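Undergrad: I am sharing entry-v1.json, which consists of JSON, C-alpha atoms and all ligand atoms:
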```json
[["chain", "number", "residue", "atom", "x", "y", "z"],
["A", 1, "MET", "CA", 34.77, 29.15, -28.92],
["A", 2, "LYS", "CA", 31.85, 28.32, -31.18],
["A", 3, "ARG", "CA", 32.74, 24.62, -30.92],
["A", 4, "PHE", "CA", 32.77, 24.87, -27.19],
["A", 5, "TYR", "CA", 29.23, 26.26, -27.14],
["A", 6, "TYR", "CA", 28.06, 23.56, -29.57],
["A", 7, "SER", "CA", 29.53, 20.85, -27.31],
["A", 8, "LEU", "CA", 27.82, 22.42, -24.32],
["A", 9, "LEU", "CA", 24.51, 22.52, -26.17],
["A", 10, "LEU", "CA", 24.93, 18.90, -27.26],
["A", 11, "LEU", "CA", 25.67, 17.86, -23.69],
["A", 12, "ALA", "CA", 22.59, 19.70, -22.43],
["A", 13, "LEU", "CA", 20.46, 18.06, -25.13],
["A", 14, "ILE", "CA", 21.76, 14.58, -24.29],
["A", 15, "SER", "CA", 21.08, 15.20, -20.57],
["A", 16, "VAL", "CA", 17.52, 16.30, -21.31],
["A", 17, "LEU", "CA", 16.96, 13.23, -23.53],
["A", 18, "ILE", "CA", 18.33, 10.89, -20.86],
["A", 19, "TYR", "CA", 16.10, 12.57, -18.27],
["A", 20, "LEU", "CA", 13.00, 12.34, -20.50],
["A", 21, "GLY", "CA", 13.84, 8.72, -21.37],
["A", 22, "GLY", "CA", 14.06, 7.95, -17.68],
["A", 23, "ARG", "CA", 10.70, 9.61, -16.98],
["A", 24, "PHE", "CA", 9.10, 7.74, -19.88],
["A", 25, "TYR", "CA", 10.50, 4.42, -18.66],
["A", 26, "PHE", "CA", 9.15, 5.20, -15.20],
["A", 27, "TYR", "CA", 5.74, 5.98, -16.71],
["A", 28, "LEU", "CA", 5.77, 2.61, -18.51],
["A", 29, "THR", "CA", 6.91, 0.54, -15.53],
["A", 30, "ASP", "CA", 5.90, 2.60, -12.46],
["A", 31, "GLY", "CA", 9.49, 1.96, -11.41],
["A", 32, "PHE", "CA", 8.78, -1.72, -10.77],
["A", 33, "SER", "CA", 11.64, -4.18, -11.06],
["A", 34, "LEU", "CA", 12.45, -7.40, -9.23],
["A", 35, "TYR", "CA", 15.45, -5.63, -7.71],
["A", 36, "ASN", "CA", 13.18, -2.99, -6.21],
["A", 37, "ILE", "CA", 11.11, -5.54, -4.27],
["A", 38, "LYS", "CA", 14.09, -7.43, -2.86],
["A", 39, "SER", "CA", 15.33, -6.61, 0.60],
["A", 40, "THR", "CA", 18.81, -6.84, 2.00],
["A", 41, "SER", "CA", 17.63, -7.11, 5.59],
["A", 42, "SER", "CA", 18.11, -10.28, 7.59],
["A", 43, "ASN", "CA", 15.28, -12.10, 9.33],
["A", 44, "ASN", "CA", 14.07, -10.70, 12.61],
["A", 45, "SER", "CA", 12.02, -12.64, 15.13],
["A", 46, "ALA", "CA", 9.94, -9.47, 15.66],
["A", 47, "TRP", "CA", 8.43, -10.15, 12.23],
["A", 48, "ASP", "CA", 7.49, -13.77, 12.87],
["A", 49, "VAL", "CA", 3.79, -14.48, 12.59],
["A", 50, "PRO", "CA", 1.87, -17.44, 14.02],
["A", 51, "PRO", "CA", 1.64, -20.47, 11.70],
["A", 52, "LEU", "CA", -1.51, -20.78, 9.59],
["A", 53, "SER", "CA", -4.25, -23.19, 10.61],
["A", 54, "ALA", "CA", -4.64, -26.19, 8.26],
["A", 55, "GLU", "CA", -7.77, -24.60, 6.81],
["A", 56, "ASP", "CA", -6.12, -21.19, 6.20],
["A", 57, "GLN", "CA", -3.05, -22.89, 4.76],
["A", 58, "LYS", "CA", -5.28, -24.41, 2.06],
["A", 59, "ILE", "CA", -6.91, -21.05, 1.32],
["A", 60, "VAL", "CA", -3.51, -19.33, 0.99],
["A", 61, "GLU", "CA", -2.08, -22.16, -1.13],
["A", 62, "LYS", "CA", -5.03, -21.88, -3.48],
["A", 63, "ALA", "CA", -4.81, -18.09, -3.59],
["A", 64, "LEU", "CA", -1.14, -18.25, -4.56],
["A", 65, "ASP", "CA", -1.54, -21.06, -7.07],
["A", 66, "GLN", "CA", -2.21, -18.68, -9.98],
["A", 67, "ASN", "CA", -0.68, -15.84, -11.95],
["A", 68, "TYR", "CA", -0.74, -12.26, -10.70],
["A", 69, "TYR", "CA", -1.08, -9.12, -12.83],
["A", 70, "TYR", "CA", 0.11, -5.57, -12.14],
["A", 71, "LEU", "CA", -2.59, -3.51, -10.45],
["A", 72, "GLY", "CA", -1.01, -0.38, -9.07],
["A", 73, "LYS", "CA", 1.43, 1.19, -6.71],
["A", 74, "GLY", "CA", 1.47, 3.34, -3.64],
["A", 75, "CYS", "CA", 4.29, 4.97, -1.74],
["A", 76, "GLN", "CA", 5.21, 1.75, 0.00],
["A", 77, "THR", "CA", 4.15, -1.18, -2.18],
["A", 78, "TYR", "CA", 3.51, -2.60, -5.65],
["A", 79, "ALA", "CA", 0.17, -4.44, -5.92],
["A", 80, "PHE", "CA", -0.67, -7.36, -8.23],
["A", 81, "VAL", "CA", -4.11, -8.91, -8.66],
["A", 82, "SER", "CA", -4.69, -12.66, -9.00],
["A", 83, "ALA", "CA", -5.98, -14.17, -12.25],
["A", 84, "ASP", "CA", -9.30, -15.01, -10.56],
["A", 85, "GLY", "CA", -9.59, -11.36, -9.40],
["A", 86, "GLU", "CA", -10.03, -12.37, -5.76],
["A", 87, "TYR", "CA", -6.66, -11.56, -4.20],
["A", 88, "VAL", "CA", -3.96, -8.94, -4.21],
["A", 89, "ILE", "CA", -0.33, -9.58, -3.47],
["A", 90, "LYS", "CA", 1.68, -6.58, -2.35],
["A", 91, "PHE", "CA", 5.46, -6.40, -2.45],
["A", 92, "PHE", "CA", 7.29, -3.77, -0.47],
["A", 93, "LYS", "CA", 9.21, -1.04, -2.29],
["A", 94, "HIS", "CA", 12.56, -1.93, -0.84],
["A", 95, "LYS", "CA", 14.26, 0.65, -3.01],
["A", 96, "HIS", "CA", 13.17, 3.16, -0.35],
["A", 97, "LEU", "CA", 13.97, 0.92, 2.60],
["A", 98, "ARG", "CA", 17.13, -0.86, 1.61],
["A", 99, "ILE", "CA", 20.45, 0.04, 3.19],
["A", 100, "ASP", "CA", 22.72, -0.61, 0.21],
["A", 101, "TRP", "CA", 26.25, -1.77, 1.00],
["A", 102, "TRP", "CA", 27.72, 1.53, -0.10],
["A", 103, "TRP", "CA", 25.71, 3.37, 2.57],
["A", 104, "LYS", "CA", 27.77, 1.48, 5.13],
["A", 105, "PHE", "CA", 31.16, 1.22, 3.49],
["A", 106, "ILE", "CA", 31.74, 4.05, 1.07],
["A", 107, "PRO", "CA", 34.52, 6.23, 2.51],
["A", 108, "LEU", "CA", 33.21, 9.65, 3.49],
["A", 109, "PRO", "CA", 34.90, 12.61, 5.12],
["A", 110, "SER", "CA", 34.36, 12.53, 8.87],
["A", 111, "SER", "CA", 32.02, 15.53, 8.67],
["A", 112, "PHE", "CA", 29.57, 13.28, 6.75],
["A", 113, "GLU", "CA", 29.63, 10.47, 9.32],
["A", 114, "ASP", "CA", 26.64, 11.86, 11.23],
["A", 115, "PHE", "CA", 24.71, 12.15, 7.98],
["A", 116, "ARG", "CA", 25.48, 8.51, 7.13],
["A", 117, "LYS", "CA", 24.44, 7.28, 10.59],
["A", 118, "GLN", "CA", 21.30, 9.36, 10.48],
["A", 119, "LYS", "CA", 20.37, 8.03, 7.02],
["A", 120, "ILE", "CA", 20.86, 4.38, 8.06],
["A", 121, "LYS", "CA", 18.86, 4.95, 11.25],
["A", 122, "LEU", "CA", 16.04, 6.55, 9.29],
["A", 123, "LYS", "CA", 15.82, 3.69, 6.79],
["A", 124, "ARG", "CA", 15.77, 1.11, 9.62],
["A", 125, "ALA", "CA", 13.02, 3.03, 11.39],
["A", 126, "LYS", "CA", 10.99, 3.27, 8.16],
["A", 127, "LEU", "CA", 11.18, -0.50, 7.63],
["A", 128, "TYR", "CA", 10.37, -1.15, 11.27],
["A", 129, "THR", "CA", 7.23, 1.02, 11.33],
["A", 130, "LEU", "CA", 6.03, -0.40, 8.01],
["A", 131, "PHE", "CA", 6.45, -4.03, 9.08],
["A", 132, "GLU", "CA", 5.00, -3.30, 12.51],
["A", 133, "SER", "CA", 1.96, -1.81, 10.78],
["A", 134, "ALA", "CA", 1.52, -4.81, 8.45],
["A", 135, "LYS", "CA", 1.77, -7.13, 11.44],
["A", 136, "LEU", "CA", -0.90, -5.17, 13.32],
["A", 137, "ALA", "CA", -3.18, -5.53, 10.30],
["A", 138, "TYR", "CA", -2.65, -9.26, 9.97],
["A", 139, "GLU", "CA", -2.84, -10.13, 13.65],
["A", 140, "ASN", "CA", -5.35, -7.59, 14.97],
["A", 141, "LEU", "CA", -7.40, -6.47, 11.96],
["A", 142, "PRO", "CA", -7.70, -9.45, 9.61],
["A", 143, "GLU", "CA", -11.41, -8.91, 8.96],
["A", 144, "GLU", "CA", -11.12, -5.14, 8.63],
["A", 145, "THR", "CA", -8.16, -5.29, 6.23],
["A", 146, "GLY", "CA", -8.76, -8.62, 4.48],
["A", 147, "VAL", "CA", -5.12, -9.61, 4.98],
["A", 148, "ILE", "CA", -4.99, -13.40, 4.80],
["A", 149, "TYR", "CA", -1.26, -13.96, 4.87],
["A", 150, "LEU", "CA", 1.84, -12.02, 5.79],
["A", 151, "HIS", "CA", 5.44, -12.94, 5.01],
["A", 152, "LEU", "CA", 7.98, -10.57, 6.57],
["A", 153, "ASN", "CA", 10.85, -12.99, 7.12],
["A", 154, "LYS", "CA", 12.40, -14.96, 4.31],
["A", 155, "GLY", "CA", 11.48, -18.65, 4.56],
["A", 156, "LYS", "CA", 8.99, -21.25, 3.38],
["A", 157, "THR", "CA", 5.64, -19.93, 2.12],
["A", 158, "PRO", "CA", 2.54, -22.04, 1.38],
["A", 159, "HIS", "CA", 3.29, -21.77, -2.35],
["A", 160, "SER", "CA", 6.79, -20.73, -3.37],
["A", 161, "ASP", "CA", 6.75, -20.03, -7.10],
["A", 162, "VAL", "CA", 4.40, -17.50, -8.61],
["A", 163, "ILE", "CA", 4.39, -15.83, -12.00],
["A", 164, "ILE", "CA", 3.71, -12.12, -12.00],
["A", 165, "PHE", "CA", 3.19, -9.81, -14.97],
["A", 166, "ASP", "CA", 4.49, -6.27, -14.64],
["A", 167, "LYS", "CA", 2.85, -3.06, -15.89],
["A", 168, "MET", "CA", 4.27, -3.58, -19.38],
["A", 169, "GLY", "CA", 3.02, -7.19, -19.45],
["A", 170, "PHE", "CA", 6.45, -8.78, -18.97],
["A", 171, "GLU", "CA", 6.45, -12.08, -17.14],
["A", 172, "HIS", "CA", 8.58, -12.67, -14.04],
["A", 173, "GLN", "CA", 8.92, -15.86, -12.06],
["A", 174, "VAL", "CA", 9.25, -14.97, -8.38],
["A", 175, "ASN", "CA", 10.21, -17.13, -5.46],
["A", 176, "LEU", "CA", 7.96, -15.94, -2.64],
["A", 177, "ASP", "CA", 10.13, -17.64, -0.02],
["A", 178, "LYS", "CA", 12.78, -15.02, -0.70],
["A", 179, "LEU", "CA", 10.51, -11.98, -0.64],
["A", 180, "GLU", "CA", 8.48, -10.06, 1.91],
["A", 181, "PHE", "CA", 4.85, -9.60, 0.93],
["A", 182, "ILE", "CA", 1.22, -9.17, 1.97],
["A", 183, "LEU", "CA", -1.62, -11.31, 0.64],
["A", 184, "GLN", "CA", -4.97, -9.57, 0.87],
["A", 185, "LYS", "CA", -8.50, -9.93, -0.42],
["A", 186, "ARG", "CA", -9.10, -7.81, -3.51],
["A", 187, "ALA", "CA", -11.42, -4.87, -2.99],
["A", 188, "TYR", "CA", -12.83, -2.37, -5.48],
["A", 189, "PRO", "CA", -12.34, 1.42, -5.42],
["A", 190, "VAL", "CA", -15.05, 3.32, -3.57],
["A", 191, "TYR", "CA", -15.88, 6.25, -5.88],
["A", 192, "PRO", "CA", -16.44, 4.21, -9.08],
["A", 193, "THR", "CA", -18.56, 1.75, -7.08],
["A", 194, "ILE", "CA", -20.74, 4.60, -5.80],
["A", 195, "ASP", "CA", -21.05, 5.94, -9.37],
["A", 196, "GLU", "CA", -22.26, 2.50, -10.49],
["A", 197, "LEU", "CA", -24.77, 2.21, -7.64],
["A", 198, "VAL", "CA", -26.10, 5.68, -8.46],
["A", 199, "LYS", "CA", -26.61, 4.61, -12.08],
["A", 200, "LYS", "CA", -28.63, 1.65, -10.79],
["A", 201, "SER", "CA", -30.45, 3.94, -8.31],
["A", 202, "ASP", "CA", -29.63, 1.37, -5.63],
["A", 203, "ILE", "CA", -30.07, 3.59, -2.56],
["A", 204, "PRO", "CA", -30.21, 0.72, -0.02],
["A", 205, "ALA", "CA", -26.83, -0.55, -1.26],
["A", 206, "ILE", "CA", -25.39, 2.99, -1.09],
["A", 207, "GLN", "CA", -26.63, 3.32, 2.49],
["A", 208, "LYS", "CA", -24.99, -0.01, 3.36],
["A", 209, "VAL", "CA", -21.74, 1.09, 1.75],
["A", 210, "PHE", "CA", -21.72, 4.37, 3.69],
["A", 211, "ARG", "CA", -22.31, 2.59, 6.99],
["A", 212, "SER", "CA", -19.67, -0.01, 6.28],
["A", 213, "LEU", "CA", -17.05, 2.63, 5.33],
["A", 214, "ILE", "CA", -17.54, 4.32, 8.68],
["A", 215, "GLU", "CA", -17.96, 1.12, 10.70],
["A", 216, "VAL", "CA", -14.65, -0.33, 9.53],
["A", 217, "LEU", "CA", -12.87, 2.79, 10.84],
["A", 218, "VAL", "CA", -14.78, 2.54, 14.12],
["A", 219, "LEU", "CA", -13.74, -1.12, 14.50],
["A", 220, "ARG", "CA", -10.08, -0.27, 13.88],
["A", 221, "SER", "CA", -10.26, 2.57, 16.43],
["A", 222, "GLN", "CA", -12.02, 0.44, 19.05],
["A", 223, "LYS", "CA", -9.12, -2.01, 18.83],
["A", 224, "GLY", "CA", -6.73, 0.82, 19.77],
["A", 225, "ILE", "CA", -5.17, 1.10, 16.33],
["A", 226, "ALA", "CA", -4.74, 4.51, 14.74],
["A", 227, "ASP", "CA", -3.94, 5.20, 11.10],
["A", 228, "ARG", "CA", -1.28, 7.87, 10.62],
["A", 229, "ASP", "CA", -2.38, 8.22, 7.00],
["A", 230, "PRO", "CA", -5.11, 10.89, 7.17],
["A", 231, "ALA", "CA", -6.76, 9.82, 3.89],
["A", 232, "MET", "CA", -10.07, 7.98, 4.07],
["A", 233, "ILE", "CA", -11.52, 6.88, 0.76],
["A", 234, "GLN", "CA", -8.17, 6.27, -0.99],
["A", 235, "ASN", "CA", -7.28, 3.76, 1.72],
["A", 236, "LEU", "CA", -10.60, 1.92, 1.67],
["A", 237, "GLY", "CA", -12.04, -0.56, -0.81],
["A", 238, "LEU", "CA", -15.28, -2.46, -1.21],
["A", 239, "ILE", "CA", -16.18, -6.10, -1.61],
["A", 240, "ASP", "CA", -19.83, -5.78, -2.60],
["A", 241, "ASP", "CA", -21.15, -3.47, 0.10],
["A", 242, "ARG", "CA", -18.52, -4.36, 2.70],
["A", 243, "ALA", "CA", -15.63, -1.97, 3.29],
["A", 244, "LEU", "CA", -12.02, -3.03, 3.79],
["A", 245, "ILE", "CA", -9.04, -0.93, 4.82],
["A", 246, "ILE", "CA", -6.74, -1.77, 1.92],
["A", 247, "ASP", "CA", -3.77, 0.42, 2.80],
["A", 248, "ILE", "CA", -2.20, -1.15, 5.86],
["A", 249, "GLY", "CA", 1.05, 0.78, 5.82],
["A", 250, "GLN", "CA", 0.61, 3.35, 8.58],
["A", 251, "PHE", "CA", -1.06, 1.73, 11.57],
["A", 252, "ASP", "CA", 0.05, 2.50, 15.09],
["A", 253, "VAL", "CA", -0.97, 1.20, 18.51],
["A", 254, "ASP", "CA", -2.73, 4.11, 20.21],
["A", 255, "ASP", "CA", -5.00, 3.62, 23.20],
["A", 256, "THR", "CA", -6.37, 7.16, 23.01],
["A", 257, "ILE", "CA", -8.14, 6.37, 19.74],
["A", 258, "LYS", "CA", -10.38, 3.89, 21.63],
["A", 259, "ASP", "CA", -12.14, 6.87, 23.22],
["A", 260, "PRO", "CA", -15.42, 7.34, 21.27],
["A", 261, "LYS", "CA", -15.01, 11.12, 21.39],
["A", 262, "VAL", "CA", -11.52, 10.88, 19.89],
["A", 263, "TYR", "CA", -12.39, 8.44, 17.12],
["A", 264, "SER", "CA", -15.62, 10.27, 16.27],
["A", 265, "GLU", "CA", -13.67, 13.46, 15.71],
["A", 266, "ASP", "CA", -11.01, 11.60, 13.74],
["A", 267, "ILE", "CA", -13.54, 9.90, 11.46],
["A", 268, "ARG", "CA", -15.58, 13.07, 10.94],
["A", 269, "LYS", "CA", -12.39, 14.87, 9.93],
["A", 270, "ARG", "CA", -11.46, 12.09, 7.50],
["A", 271, "SER", "CA", -14.96, 12.20, 6.01],
["A", 272, "TRP", "CA", -14.64, 15.82, 4.85],
["A", 273, "PRO", "CA", -13.08, 15.14, 1.44],
["A", 274, "PHE", "CA", -15.70, 12.39, 0.94],
["A", 275, "ILE", "CA", -18.54, 14.84, 1.69],
["A", 276, "LYS", "CA", -16.92, 17.32, -0.69],
["A", 277, "TRP", "CA", -16.74, 14.69, -3.44],
["A", 278, "LEU", "CA", -20.38, 13.73, -2.88],
["A", 279, "THR", "CA", -21.48, 17.38, -2.86],
["A", 280, "LYS", "CA", -19.82, 17.84, -6.24],
["A", 281, "ASN", "CA", -20.81, 14.54, -7.86],
["A", 282, "HIS", "CA", -23.93, 13.22, -6.14],
["A", 283, "PRO", "CA", -25.29, 15.96, -3.85],
["A", 284, "GLU", "CA", -28.50, 13.99, -3.27],
["A", 285, "LEU", "CA", -26.42, 11.40, -1.34],
["A", 286, "VAL", "CA", -24.94, 13.81, 1.22],
["A", 287, "PRO", "CA", -27.85, 13.38, 3.69],
["A", 288, "TYR", "CA", -27.36, 9.58, 3.54],
["A", 289, "LEU", "CA", -23.72, 9.96, 4.51],
["A", 290, "GLN", "CA", -24.62, 12.42, 7.28],
["A", 291, "GLN", "CA", -27.19, 9.89, 8.50],
["A", 292, "ALA", "CA", -24.63, 7.06, 8.45],
["A", 293, "LEU", "CA", -22.18, 9.21, 10.43],
["A", 294, "ALA", "CA", -24.88, 10.11, 12.96],
["A", 295, "ASP", "CA", -26.01, 6.46, 13.32],
["A", 296, "THR", "CA", -22.52, 5.00, 13.59],
["A", 297, "LEU", "CA", -20.62, 7.58, 15.64],
["A", 298, "PRO", "CA", -21.46, 8.63, 19.17],
["A", 299, "GLN", "CA", -22.67, 12.25, 19.32],
["B", 1, "LIG", "N1", -6.70, -5.16, -1.45],
["B", 1, "LIG", "C1", -6.67, -4.43, -2.55],
["B", 1, "LIG", "N2", -7.65, -4.54, -3.47],
["B", 1, "LIG", "C2", -7.62, -3.80, -4.60],
["B", 1, "LIG", "N3", -6.66, -2.92, -4.91],
["B", 1, "LIG", "C3", -5.65, -2.77, -4.03],
["B", 1, "LIG", "C4", -5.61, -3.51, -2.81],
["B", 1, "LIG", "N4", -4.51, -3.14, -2.15],
["B", 1, "LIG", "C5", -3.90, -2.23, -2.91],
["B", 1, "LIG", "N5", -4.57, -1.99, -4.04],
["B", 1, "LIG", "C6", -4.17, -1.05, -5.13],
["B", 1, "LIG", "O1", -2.79, -0.80, -5.04],
["B", 1, "LIG", "C7", -2.52, 0.57, -4.70],
["B", 1, "LIG", "C8", -1.41, 0.64, -3.69],
["B", 1, "LIG", "O2", -1.76, -0.07, -2.53],
["B", 1, "LIG", "P1", -1.67, 0.55, -1.06],
["B", 1, "LIG", "O3", -2.08, -0.51, -0.10],
["B", 1, "LIG", "O4", -2.40, 1.85, -1.00],
["B", 1, "LIG", "O5", -0.11, 0.75, -0.95],
["B", 1, "LIG", "P2", 0.77, 1.89, -0.29],
["B", 1, "LIG", "O6", 0.88, 1.54, 1.15],
["B", 1, "LIG", "O7", 2.05, 1.73, -1.01],
["B", 1, "LIG", "O8", 0.08, 3.21, -0.52],
["B", 1, "LIG", "C9", -3.86, 1.11, -4.18],
["B", 1, "LIG", "O9", -3.99, 2.47, -4.42],
["B", 1, "LIG", "C10", -4.87, 0.29, -4.96],
["B", 1, "LIG", "O10", -5.03, 0.82, -6.26],
["B", 2, "MG", "MG", -1.79, 3.86, -0.46]]
```
Could you rewrite the structure in this file as structure tokens?
Ligand SMILES: Nc1ncnc2c1ncn2[C@@H]1O[C@H](COP(=O)(O)OP(=O)(O)O)[C@@H](O)[C@H]1O
Ligand SMILES: [Mg+2]

TA:
Amino acid sequence: MKRFYYSLLLLALISVLIYLGGRFYFYLTDGFSLYNIKSTSSNNSAWDVPPLSAEDQKIVEKALDQNYYYLGKGCQTYAFVSADGEYVIKFFKHKHLRIDWWWKFIPLPSSFEDFRKQKIKLKRAKLYTLFESAKLAYENLPEETGVIYLHLNKGKTPHSDVIIFDKMGFEHQVNLDKLEFILQKRAYPVYPTIDELVKKSDIPAIQKVFRSLIEVLVLRSQKGIADRDPAMIQNLGLIDDRALIIDIGQFDVDDTIKDPKVYSEDIRKRSWPFIKWLTKNHPELVPYLQQALADTLPQ
């Protein structure tokens, strides 16, 4: 009996160690692997984008002709920054979107058939809304999002082979022709930039930043594109004092958002956590943000 309990204890200990090892590995890698950014989906004409102009082709070729280094992750993508610090390449987390073969073929009791169908349908819908959103950004909001190239169907890209370095610094050669990805201008996080500007007491730059953060949301709304992600600052970035919407994963066509009353309310709501952060960290700046909101949004 004693031996039985010892075996049970040993088993529990091994399970805990395996679990902790897994968590630690995830901490080191953020779960990134080449497998996780590969899709199993076939090309779809819905994801075709217009060919690049000769001038843009050169810009994209140049942007991709360098190494990329791990920058961060979100719920939908892994982001890598270019060696020159100017661009970000984002690969989709296909581990959440992929319909693995076993989802389709593994034998299940008939009572689970509905579950299987539902699961496959859900994954397809997730991929569809994500790609639709990326396409909206590239085609309708290139200035607002800084997206300069989008590759959602496998096929020739302006520069096929790129070396990326993962979070642990390991090198991977990737063939971009075989992957889906977003190429975007690199922007800097908003809060640290404000902290820096405060240190320099650069109030005019802060005022410009505040206006730009609100204006970029107004521009998106006026084009009839809503963002289902309610966050504001986490999804925005700055290039000098110009704001970009960096997270392009949850856009939706929505004509109602064009209405100034509707987008004013939406933007004011989104601004709340920003006002809270300012109140806590730089209370003297709150009136500047209130002023920017009043100047930029219709009353
Ligand atoms: N254009 C960019 N410039 C700088 N950093 C970026 C850019 N795009 C993404 N990032 C970084 O990568 C993270 C994940 O990107 P994001 O677009 O938010 O992906 P997700 O849709 O998966 O949330 C961001 O939180 C940010 O740190
Ligand atoms: Mg995000």

Undergrad: Please determine, counting all atoms listed in the file, which residue among A:Gln207, A:Asn140, A:Thr157, A:Asn175 has the shortest atom-to-atom distance to A:Gly224.

TA: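 Of A:Gln207, A:Asn140, A:Thr157, A:Asn175, the one nearest A:Gly224, counting all atoms listed in the file, is A:Asn140.
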
Undergrad: With a cut-off of 7 Å, could you pull out the residues of chain A touching ligand MG 2 (chain B) and give me the nearest pair of atoms for each, distance in Å to one decimal, using all atoms listed in the file, ordered by chain and ascending number, as JSON lines?

TA:
```
{"residue": "A:Gly74", "atom": "CA", "partner": "B:MG2", "partner_atom": "MG", "distance": 4.6}
{"residue": "A:Cys75", "atom": "CA", "partner": "B:MG2", "partner_atom": "MG", "distance": 6.3}
{"residue": "A:Gln234", "atom": "CA", "partner": "B:MG2", "partner_atom": "MG", "distance": 6.8}
{"residue": "A:Asn235", "atom": "CA", "partner": "B:MG2", "partner_atom": "MG", "distance": 5.9}
{"residue": "A:Asp247", "atom": "CA", "partner": "B:MG2", "partner_atom": "MG", "distance": 5.1}
```

Undergrad: Residues within 7 Å of ligand LIG 1 (chain B) should be enumerated using all atoms listed in the file and returned as a list of chain:residue names.

TA: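 Residues lying within 7 Å of ligand LIG 1 (chain B): A:Leu71, A:Gly72, A:Lys73, A:Gly74, A:Cys75, A:Gln76, A:Thr77, A:Tyr78, A:Ala79, A:Tyr87, A:Val88, A:Gln184, A:Lys185, A:Arg186, A:Ala187, A:Tyr188, A:Gln234, A:Asn235, A:Gly237, A:Ile246, A:Asp247, A:Ile248, A:Gly249.
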
Undergrad: With a distance cut-off of 8 Å and all atoms listed in the file, select the neighbouring residues of stretch 283-299 of chain A, excluding the residue or stretch itself and same-chain residues fewer than 5 positions from it, and output the selection as a PDB file with C-alpha atoms, in the frame of the given file.

TA:
```pdb
ATOM      1  CA  GLN A 207     -26.630   3.320   2.490  1.00  0.00           C
ATOM      2  CA  PHE A 210     -21.720   4.370   3.690  1.00  0.00           C
ATOM      3  CA  ARG A 211     -22.310   2.590   6.990  1.00  0.00           C
ATOM      4  CA  ILE A 214     -17.540   4.320   8.680  1.00  0.00           C
ATOM      5  CA  GLU A 215     -17.960   1.120  10.700  1.00  0.00           C
ATOM      6  CA  VAL A 218     -14.780   2.540  14.120  1.00  0.00           C
ATOM      7  CA  PRO A 260     -15.420   7.340  21.270  1.00  0.00           C
ATOM      8  CA  LYS A 261     -15.010  11.120  21.390  1.00  0.00           C
ATOM      9  CA  SER A 264     -15.620  10.270  16.270  1.00  0.00           C
ATOM     10  CA  ARG A 268     -15.580  13.070  10.940  1.00  0.00           C
ATOM     11  CA  ILE A 275     -18.540  14.840   1.690  1.00  0.00           C
ATOM     12  CA  LEU A 278     -20.380  13.730  -2.880  1.00  0.00           C
TER      13      LEU A 278
END
```

Undergrad: Counting all atoms listed in the file, which residue out of A:Ile120, A:Leu179, A:Leu108, A:Ile225 sits closest to A:Lys156?

TA: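 Nearest candidate to A:Lys156 out of A:Ile120, A:Leu179, A:Leu108, A:Ile225: A:Leu179.
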
Undergrad: So which residues touch A:Tyr191 within 10 Å, counting all atoms listed in the file, skipping near sequence neighbours fewer than 4 positions away, as a list in words?

TA: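 Listed by chain and then number, they are Asp195, Glu196, Leu197, Ile233, Gln234, Gly237, Leu238, Phe274, Trp277, Leu278 and Asn281 of chain A.
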
Undergrad: Taking C-alpha atoms for each residue, export the selection above as a PDB file, keeping the file's coordinate frame.

TA:
```pdb
ATOM      1  CA  ASP A 195     -21.050   5.940  -9.370  1.00  0.00           C
ATOM      2  CA  GLU A 196     -22.260   2.500 -10.490  1.00  0.00           C
ATOM      3  CA  LEU A 197     -24.770   2.210  -7.640  1.00  0.00           C
ATOM      4  CA  ILE A 233     -11.520   6.880   0.760  1.00  0.00           C
ATOM      5  CA  GLN A 234      -8.170   6.270  -0.990  1.00  0.00           C
ATOM      6  CA  GLY A 237     -12.040  -0.560  -0.810  1.00  0.00           C
ATOM      7  CA  LEU A 238     -15.280  -2.460  -1.210  1.00  0.00           C
ATOM      8  CA  PHE A 274     -15.700  12.390   0.940  1.00  0.00           C
ATOM      9  CA  TRP A 277     -16.740  14.690  -3.440  1.00  0.00           C
ATOM     10  CA  LEU A 278     -20.380  13.730  -2.880  1.00  0.00           C
ATOM     11  CA  ASN A 281     -20.810  14.540  -7.860  1.00  0.00           C
TER      12      ASN A 281
END
```

Undergrad: To one decimal in Å, tell me the separation between atom CA of A:Thr40 and atom CA of A:Lys154.

TA: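 One can read the atom CA of A:Thr40 to atom CA of A:Lys154 distance as 10.6 Å.
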
Undergrad: Distance atom CA of A:Lys121-atom CA of A:Ala46, one decimal place?

TA: 17.5 Å

Undergrad: Given the choices A:Lys2, A:His94, A:Lys135, A:Lys258, which gets closest to A:Phe32 if the distance is worked out from only C-alpha atoms?

TA: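 Of all the options, A:His94 lies closest to A:Phe32.
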
Undergrad: Hey, can you check how far atom CA of A:Phe131 sits from atom CA of A:Asn36?

TA: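 According to the coordinates, atom CA of A:Phe131 and atom CA of A:Asn36 are separated by 16.7 Å.
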
Undergrad: List every protein, DNA or RNA residue that has an atom no more than 6 Å from (-14.5, 3.0, 4.7) in the file's coordinate frame, counting only C-alpha atoms, and report them as a ChimeraX atom specification.

TA: /A:213-214,216,236,243

Undergrad: Extract, using all atoms listed in the file, all DNA, RNA and protein residues at most 6 Å from A:Phe251, discarding same-chain residues fewer than 3 positions from it, and format them as an MDAnalysis selection string.

TA: chainID A and resid 133 226:227

Undergrad: Grab the residues selected above and save them as a compact mmCIF listing (two decimals), in the frame of the given file with C-alpha atoms.

TA:
```
# COMPACT_ATOMS: atom_id res chain seq x y z
CA SER A 133 1.96 -1.81 10.78
CA ALA A 226 -4.74 4.51 14.74
CA ASP A 227 -3.94 5.20 11.10
```
